[in-house]
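Note: the block below is query-v6.cif and it holds mmCIF, C-alpha atoms.
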data_start
loop_
_atom_site.label_atom_id
_atom_site.label_comp_id
_atom_site.auth_asym_id
_atom_site.auth_seq_id
_atom_site.Cartn_x
_atom_site.Cartn_y
_atom_site.Cartn_z
CA GLY A 595 65.44 15.12 -6.97
CA ARG A 596 62.72 16.65 -4.80
CA ARG A 597 61.49 13.26 -3.57
CA GLN A 598 65.02 12.41 -2.37
CA TRP A 599 65.27 15.69 -0.39
CA VAL A 600 61.82 15.05 1.16
CA ALA A 601 62.84 11.52 2.14
CA GLN A 602 66.04 12.79 3.74
CA CYS A 603 64.16 15.55 5.56
CA ALA A 604 61.76 12.99 7.02
CA HIS A 605 64.66 10.98 8.48
CA GLY A 606 67.09 13.70 9.57
CA PRO A 607 68.94 16.98 8.73
CA VAL A 608 69.82 17.82 5.14
CA GLU A 609 72.61 19.84 3.59
CA GLY A 610 72.44 22.83 1.23
CA ASN A 611 70.06 25.80 0.93
CA ARG A 612 67.71 24.04 -1.50
CA GLY A 613 67.51 20.99 0.74
CA ARG A 614 66.75 23.13 3.79
CA ARG A 615 64.01 25.01 1.88
CA LEU A 616 62.38 21.74 0.79
CA CYS A 617 62.68 20.39 4.31
CA PHE A 618 61.00 23.50 5.69
CA LEU A 619 58.12 23.18 3.20
CA TYR A 620 57.74 19.48 4.06
CA GLN A 621 57.57 20.17 7.81
CA LEU A 622 55.12 23.04 7.24
CA ARG A 623 52.85 20.75 5.23
CA GLN A 624 53.07 18.05 7.90
CA ARG A 625 52.09 20.55 10.63
CA LYS A 626 49.18 21.82 8.47
CA GLY A 627 47.93 18.26 7.90
CA ALA A 628 48.11 17.54 11.62
CA GLY A 629 46.23 20.77 12.29
CA ASN A 630 43.48 19.80 9.86
CA ARG A 631 43.16 16.41 11.52
CA ARG A 632 42.93 18.05 14.93
CA GLN A 633 40.34 20.48 13.58
CA ARG A 634 38.22 17.65 12.17
CA GLN A 635 38.56 15.69 15.38
CA GLY A 636 37.67 18.77 17.41
CA GLY A 637 34.59 19.44 15.28
CA LEU A 638 33.43 15.84 15.69
CA CYS A 639 33.97 16.02 19.46
CA ASP A 640 31.92 19.23 19.63
CA SER A 641 29.10 17.62 17.63
CA LEU A 642 29.08 14.57 19.92
CA GLU A 643 29.60 16.68 23.10
CA ILE A 644 32.93 15.06 24.00
CA ASP A 645 35.58 16.98 26.00
CA LEU A 646 39.00 17.16 24.25
CA ASP A 647 42.32 18.61 25.51
CA TYR A 648 44.61 19.08 22.50
CA HIS A 649 47.70 19.24 24.76
CA ASN A 650 46.98 15.98 26.56
CA ALA A 651 47.75 12.73 24.68
CA LEU A 652 45.64 10.70 27.13
CA SER A 653 42.67 13.02 26.55
CA ASP A 654 43.16 12.63 22.81
CA SER A 655 43.07 8.82 23.07
CA HIS A 656 40.03 8.96 25.36
CA ALA A 657 38.25 11.27 22.90
CA CYS A 658 38.91 8.84 20.02
CA ALA A 659 37.49 5.97 22.07
CA MET A 660 34.40 7.99 22.96
CA ILE A 661 33.88 8.98 19.31
CA ILE A 662 33.92 5.31 18.27
CA LYS A 663 31.57 4.40 21.14
CA LYS A 664 29.09 7.17 20.31
CA ILE A 665 29.10 6.44 16.58
CA PHE A 666 28.49 2.74 17.33
CA SER A 667 25.59 3.72 19.62
CA ILE A 668 24.08 5.87 16.85
CA ILE A 669 24.38 3.01 14.33
CA VAL A 670 22.69 0.60 16.77
CA LEU A 671 19.91 3.13 17.41
CA ILE A 672 19.32 3.56 13.67
CA MET A 673 19.20 -0.22 13.20
CA PHE A 674 16.65 -0.65 16.01
CA SER A 675 14.57 2.22 14.59
CA CYS A 676 14.50 0.53 11.17
CA ILE A 677 13.54 -2.82 12.73
CA TYR A 678 10.80 -1.17 14.80
CA SER A 679 9.44 0.70 11.77
CA PHE A 680 9.39 -2.53 9.74
CA ALA A 681 7.60 -4.37 12.57
CA GLN A 682 5.02 -1.59 12.81
CA LYS A 683 4.44 -1.66 9.05
CA THR A 684 4.04 -5.46 9.12
CA GLN A 685 1.56 -5.22 12.00
CA TYR A 686 -0.37 -2.49 10.16
CA GLU A 687 -0.60 -4.61 7.01
CA THR A 688 -1.63 -7.68 9.05
CA GLN A 689 -4.46 -5.69 10.67
CA GLN A 690 -5.64 -4.56 7.23
CA PHE A 691 -5.63 -8.11 5.91
CA LYS A 692 -7.47 -9.56 8.92
CA LEU A 693 -10.16 -6.87 8.87
CA TYR A 694 -10.81 -7.32 5.15
CA GLU A 695 -10.88 -11.12 5.36
CA THR A 696 -13.23 -11.00 8.37
CA SER A 697 -15.57 -8.63 6.48
CA LEU A 698 -15.55 -10.85 3.40
CA ASP A 699 -16.18 -13.98 5.47
CA LEU A 700 -19.22 -12.34 7.10
CA PHE A 701 -20.55 -11.32 3.67
CA ASN A 702 -20.17 -14.86 2.29
CA LYS A 703 -21.99 -16.20 5.36
CA LYS A 704 -24.84 -13.75 4.56
CA LYS A 705 -24.31 -11.83 7.81
CA TYR A 706 -24.81 -8.59 5.95
CA GLN A 707 -25.35 -6.27 8.92
CA SER A 708 -22.04 -7.23 10.56
CA ALA A 709 -20.25 -7.34 7.20
CA ALA A 710 -21.46 -3.82 6.34
CA GLU A 711 -20.06 -2.46 9.61
CA LYS A 712 -16.68 -4.15 9.06
CA PHE A 713 -16.40 -3.01 5.45
CA SER A 714 -17.30 0.53 6.49
CA THR A 715 -14.57 0.44 9.16
CA TYR A 716 -12.05 -0.83 6.64
CA LYS A 717 -12.97 1.89 4.13
CA ASN A 718 -12.60 4.62 6.79
CA PHE A 719 -9.35 3.30 8.29
CA TYR A 720 -7.59 2.45 5.03
CA PRO A 721 -9.01 4.79 2.36
CA THR A 722 -5.90 4.64 0.16
CA ASN A 723 -5.51 0.87 0.23
CA GLU A 724 -6.02 -0.99 -3.06
CA LYS A 725 -8.96 -2.89 -1.53
CA ALA A 726 -10.75 0.24 -0.30
CA SER A 727 -12.86 0.26 -3.48
CA ASN A 728 -13.82 -3.39 -2.84
CA ALA A 729 -14.90 -2.46 0.68
CA GLU A 730 -17.01 0.41 -0.62
CA ILE A 731 -18.76 -1.80 -3.18
CA TYR A 732 -19.33 -4.59 -0.65
CA SER A 733 -20.82 -2.05 1.78
CA ALA A 734 -23.31 -1.02 -0.90
CA LEU A 735 -24.05 -4.67 -1.70
CA CYS A 736 -24.78 -5.32 1.98
CA ALA A 737 -27.19 -2.37 2.00
CA ILE A 738 -29.18 -3.71 -0.97
CA LYS A 739 -29.23 -7.19 0.56
CA LEU A 740 -30.75 -5.63 3.68
CA PHE A 741 -33.28 -3.64 1.55
CA ARG A 742 -32.20 -0.36 3.06
CA LYS A 743 -33.73 2.85 1.79
CA ASN A 744 -32.16 4.09 -1.47
CA ALA A 745 -29.78 1.12 -1.44
CA ASP A 746 -30.25 0.64 -5.18
CA LYS A 747 -29.23 4.25 -5.89
CA SER A 748 -26.15 3.91 -3.68
CA LEU A 749 -25.12 0.72 -5.47
CA ILE A 750 -25.59 2.33 -8.90
CA GLU A 751 -23.48 5.32 -7.82
CA VAL A 752 -20.65 3.17 -6.53
CA SER A 753 -20.63 0.98 -9.68
CA GLU A 754 -20.42 4.13 -11.82
CA LYS A 755 -17.68 5.48 -9.57
CA TYR A 756 -15.51 2.45 -10.40
CA PRO A 757 -16.19 1.59 -14.06
CA GLY A 758 -14.71 -1.73 -15.11
CA HIS A 759 -14.25 -2.88 -11.51
CA ILE A 760 -14.01 -6.63 -11.02
CA LEU A 761 -17.01 -6.57 -8.64
CA ASN A 762 -19.33 -4.68 -11.00
CA ASN A 763 -20.70 -7.90 -12.48
CA ILE A 764 -21.94 -8.81 -9.00
CA THR A 765 -23.50 -5.36 -8.59
CA TYR A 766 -25.40 -5.82 -11.89
CA LEU A 767 -26.70 -9.16 -10.67
CA GLU A 768 -27.82 -7.74 -7.33
CA LEU A 769 -29.49 -4.72 -8.97
CA SER A 770 -31.35 -6.91 -11.45
CA GLU A 771 -32.49 -9.22 -8.64
CA PHE A 772 -33.55 -6.25 -6.52
CA TYR A 773 -35.68 -4.73 -9.29
CA TYR A 774 -37.04 -8.14 -10.26
CA LEU A 775 -38.36 -8.69 -6.73
CA LYS A 776 -39.84 -5.16 -6.83
CA ARG A 777 -41.50 -6.04 -10.18
CA LYS A 778 -39.72 -3.14 -11.83
CA TRP A 779 -39.22 -5.11 -15.03
CA VAL A 780 -37.62 -2.39 -17.15
CA ASN A 781 -35.03 -1.62 -14.47
CA ALA A 782 -34.40 -5.31 -13.95
CA LEU A 783 -33.81 -5.86 -17.66
CA GLU A 784 -31.37 -2.94 -17.82
CA TYR A 785 -29.04 -4.77 -15.43
CA PHE A 786 -29.81 -8.31 -16.62
CA GLU A 787 -28.47 -7.21 -20.02
CA LYS A 788 -25.22 -5.95 -18.46
CA ILE A 789 -24.38 -9.21 -16.73
CA ASN A 790 -21.54 -11.35 -18.03
CA THR A 791 -22.96 -14.78 -17.18
CA ASN A 792 -19.59 -16.50 -17.74
CA ASP A 793 -18.60 -15.40 -14.22
CA PHE A 794 -21.36 -17.48 -12.61
CA SER A 795 -22.27 -21.10 -12.04
CA GLU A 796 -24.62 -22.97 -14.39
CA GLU A 797 -27.39 -22.78 -11.80
CA THR A 798 -27.07 -18.99 -11.57
CA LYS A 799 -26.90 -18.66 -15.34
CA THR A 800 -30.20 -20.57 -15.68
CA ALA A 801 -31.85 -18.38 -13.04
CA ILE A 802 -30.69 -15.22 -14.83
CA LYS A 803 -32.06 -16.44 -18.18
CA PHE A 804 -35.43 -17.33 -16.67
CA LYS A 805 -35.86 -14.02 -14.85
CA LYS A 806 -34.78 -12.08 -17.91
CA ALA A 807 -37.29 -14.01 -20.08
CA TYR A 808 -40.04 -13.44 -17.51
CA SER A 809 -39.22 -9.71 -17.32
CA TYR A 810 -39.55 -9.41 -21.12
CA PHE A 811 -42.82 -11.33 -20.98
CA SER A 812 -44.14 -9.05 -18.21
CA ILE A 813 -43.67 -5.91 -20.32
CA GLU A 814 -45.22 -7.70 -23.33
CA LYS A 815 -42.01 -7.99 -25.31
CA TYR A 816 -42.89 -11.47 -26.48
CA LYS A 817 -40.22 -11.99 -29.13
CA PRO A 818 -37.16 -11.66 -26.84
CA ALA A 819 -39.17 -13.46 -24.15
CA SER A 820 -39.90 -16.46 -26.40
CA THR A 821 -36.23 -16.56 -27.50
CA ALA A 822 -35.08 -16.63 -23.88
CA PHE A 823 -37.64 -19.26 -22.89
CA TYR A 824 -36.60 -21.38 -25.88
CA GLU A 825 -32.99 -21.27 -24.69
CA LEU A 826 -34.14 -22.49 -21.30
CA LYS A 827 -35.95 -25.39 -22.92
CA ASN A 828 -32.66 -26.74 -24.26
CA ILE A 829 -30.95 -26.62 -20.87
CA GLU A 830 -30.67 -30.06 -19.39
#
Once more with this new file: its structure as structure tokens, please.
Amino acid sequence: GRRQWVAQCAHGPVEGNRGRRLCFLYQLRQRKGAGNRRQRQGGLCDSLEIDLDYHNALSDSHACAMIIKKIFSIIVLIMFSCIYSFAQKTQYETQQFKLYETSLDLFNKKKYQSAAEKFSTYKNFYPTNEKASNAEIYSALCAIKLFRKNADKSLIEVSEKYPGHILNNITYLELSEFYYLKRKWVNALEYFEKINTNDFSEETKTAIKFKKAYSYFSIEKYKPASTAFYELKNIE
């Protein structure tokens, strides 16, 4: 069969016209395959800027060695680039975390001026970060703590900008306290009524109830005032 003729052709001369034709086709295919391999090798050498002499076996071997060396160098470079990019990303995330934690620590220590500056920096540097909204709200909280001009309006705007935000309960508390100190009873009551007292300590809850009762009393709404004062009476 054809496979037998091809096998014979690969190992030596064959007899008969049909055998010679098959042998010729086999040799032609072998030369074509070798040409394609040389073409691919030549194209790779050109891409990697490696000199190749097709008629020199030593040059061919040297070219193969250089191809392997250059490909290895490219792989190593890619690996180092990935490691460097990962290290940069980690450093970037660490800087974000440290800046936010420093800002929050200053706020909790009631250093509102310094905290406001840090939160503002965080918001400007990392505007797409998930904690950017926290930073914006804390900045507004710092402003109202410092009694800055129009701080209440800024805090209202930011709370409306992020409806349902986890920090909004704190903004309602701060707004109610701000208006209570200003003796703006109606405004104070608006935000006292929005507060979910379950988020606060028992001491804070008691303070909220008293101030809300007093605000009602101050605008002569005696029924809700007496109800609130009665609740306070039962607190031990």
### Message
Quick one: residues within 10 Å of range 724-736 of chain A, only C-alpha atoms, excluding same-chain residues fewer than 2 positions away - as a PyMOL selection string?
### Response
chain A and resi 690-691+694+697-698+701+704-722+738-742+745-753+755-756+759-762+764-765+768-769
When you look at Lys788 in chain A with a cut-off of 8 Å (counting all atoms listed in the file), what residues show up, excluding the ones that are within fewer than 4 positions of it in the same chain? I need them as a list in words.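 The neighbour list is Asn763, Tyr766 and Glu784 of chain A.
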Keeping only C-alpha atoms, take the residues you just selected and write them out as a compact mmCIF listing (two decimals), in the frame of the given file.
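The resulting file, selection_0.txt, is shown below:
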# COMPACT_ATOMS: atom_id res chain seq x y z
CA ASN A 763 -20.70 -7.90 -12.48
CA TYR A 766 -25.40 -5.82 -11.89
CA GLU A 784 -31.37 -2.94 -17.82
Problem - Who sits within 10 Å of range 812-815 of chain A, only C-alpha atoms, same chain under 4 positions skipped, as JSON, numbers by chain - result: {"A": [777, 778, 779, 780, 806, 807, 808, 819, 820]}
Point-to-point distance from CA of Ile802 in chain A to CA of Ile789 in chain A, Å rounded to tenths |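 One can read the CA of Ile802 in chain A to CA of Ile789 in chain A distance as 8.9 Å.
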Between CA of Leu783 in chain A and CA of Lys799 in chain A lies a distance of 14.7 Å
query = In Å to one decimal, how far is CA of Phe823 in chain A from CA of Tyr810 in chain A?
reply =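 For CA of Tyr810 in chain A relative to CA of Phe823 in chain A, the distance reads 10.2 Å.
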One residue among A:Thr821, A:Ser809, A:Gln689, A:Thr800 is nearest to Lys776 in chain A when using all atoms listed in the file, and that residue is A:Ser809
Taking 5 positions as the minimum chain separation for residues in the same chain, which residues sit within 12 Å of range 796-798 of chain A when counting all atoms listed in the file? Answer as an MDAnalysis selection string.
chainID A and resid 764 767 771 789:791 803:805 826 829:830
